[in-house]
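Have a look at the structure below, then the notes.
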Amino acid sequence: MSRPNEPFERDEVLDKPGLVGARWWHKGLAEAPKDASRRNAILVALGAVGLAGFAAAIAVAGEGCSDDDHEVQRKRALDMQRTFGWSFGAAQESVTFDGESKKPFDQAAIARMATELRPADEAMRAYYVPALFESPSAVPTLVAQGDPAPITPLGSVLRPIFTPAMERAYRSGKALASLLLAARTAGGLRRDIAVIVDLDGPESVAFAAGAAEAFDPVFTFDNWPHPRGVVKAHQTLAAAAYYQPLFARPHPGPRATMFVLDRQRLSPYSDDAAQFDNRHLARLPSADTLWDRGVRYVLYVVPTEADTTETDDLNDDLVAYRMRQLHVAMMAASVFAPDPAEARPANATEDWPPHYYGGSAASHGWFWVDYPWGAPPRPAPVEPAVRRPGKGYVPMVRATPFSSGGAAGGTPPVPDGFGTVPVVVALGTGAILGAALSRSGSWNRASGGYGG
């Protein structure tokens, strides 16, 4: 205010509330007692700023935050998301669902996802990881100071997706199921074959959906989506939402077991400022567990014939399976394809065209030649013309970041820093203030916490 007898003088022309708040914030800090701690000064300034300038106040606090007040620690990413919300450190950001489906979608079904997608076989529920399917309905228990806006619930932004890659994977899974259904024994559907599907998340979900008539899926997605997630888990979640009605449908009778993995779980990660480390490891039963269940054959499904080695976190397990006398083989999902010579029937359904092993109805039964786990059908099938290197796959011991020195089954050892994020922790109280900007420990909460 000007003095009563002096003319008014314009100091600044500002039309952004944040800038006004920043001026008051600086003034509040300047008027704080000289011996006050930075944190007490913040409280003094807040009294002057009020809620209108809170975001700008946080920005200045971040720039001047002393190393004496806080330190940067690494915390498990999923723990931080469970506590502070799925977009921890990026509250004002969201995700994009490439391939969004236009079919009607029951939003209320999201809350049932973790239950409806669990294995029917109760013995296999110990290996089911529902973390991803719980994320849409999860409610944060705390609010991070570094997130200037409330976090929008993931369930309200989730949209199902359906992509051409998912369609191909679905038909490939259906083709594999048809082979098992055709190889029924006198005792019913064979359960001595276990399948591990290791495709990109959405395609793995689609493959499992196509195979659901013969295989009981065990999902192992141990992460949550994040706007800056190095693993695009929101796409996997959206694929699961698309196929949820199919998975929820009753499937009478016992089925073989199919472990469903996201091949992107070990995606390259290098930059704390631009990426959120939501990577995770696969978890499979031990060799003894599978043997005791009557499993004698393990089929490891990879994307293409160019993939000839298992992912690093599976080496211990697959080697242990081989040592336990389980027959372990690899198969590319791309070996399944439609038969170009097959004419579309008049009563074709949306599942047409069917896919076949080797891309031909005549070669479909050759699966049982490449994988001699059952008698080939009659008449004798034709050998496929496509490359099939996976049939000769043998898992061998090799050094990986996840090697356990011979132990297998359960979760592999986790390297330091894997699946963690840097957070700012207040000294003395241990309170988590927000997500750090980078490995250097600098922190700028004005941008929404994590990243800049």
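FYI, nothing fancy with the structure tokens labels: chains A, B, ... in order, residues from 1 per chain, ligands from 1 as they appear.
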Taking only residues of segment 289-408 of chain A that have an atom at most 6 Å from an atom of segment 197-211 of chain A, what is each one's shortest atom pair and its distance in Å to one decimal, using only C-alpha atoms, in chain and number order, as a Markdown table?
```
| residue | atom | partner | partner_atom | distance |
| --- | --- | --- | --- | --- |
| A:Val301 | CA | A:Val197 | CA | 4.8 |
| A:Val302 | CA | A:Asp198 | CA | 5.4 |
| A:Pro303 | CA | A:Leu199 | CA | 5.6 |
```
- Message: Please identify the alpha helix (DSSP H) residues within segment 88-275 of chain A (assignment by DSSP from backbone atoms) and present them as number ranges by chain.
- Response: A: 113-116, 131-134, 154-157, 164-182, 201-210, 233-248
- Looking at only C-alpha atoms, which of A:Tyr269, A:Trp291, A:Tyr321, A:Tyr356 is the one that sits closest to Gly419 of chain A? A:Tyr269
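Considering the residues A:Val260, A:Val143, A:Leu290, A:Val421 and counting only C-alpha atoms, Val218 of chain A has its shortest atom-to-atom contact with A:Val260.
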- Could you give me, as a list in words, the residues within 8 Å of segment 330-332 of chain A, counting only C-alpha atoms and dropping anything in the same chain fewer than 6 positions from it? Leu299, Tyr300, Val301, Val302, Pro303, Thr304, Glu305, Asp307, Thr308, Arg388, Pro389, Gly390, Lys391, Gly392 and Tyr393 of chain A
- Message: Just to confirm, what's the straight-line distance from atom CA of Leu78 of chain A to atom CA of Pro130 of chain A in Å (one decimal)?
- Response: 12.6 Å
- Between A:Val129, A:Ala169, A:Val394, A:Ala238, smallest distance to Arg322 of chain A by only C-alpha atoms belongs to A:Val394
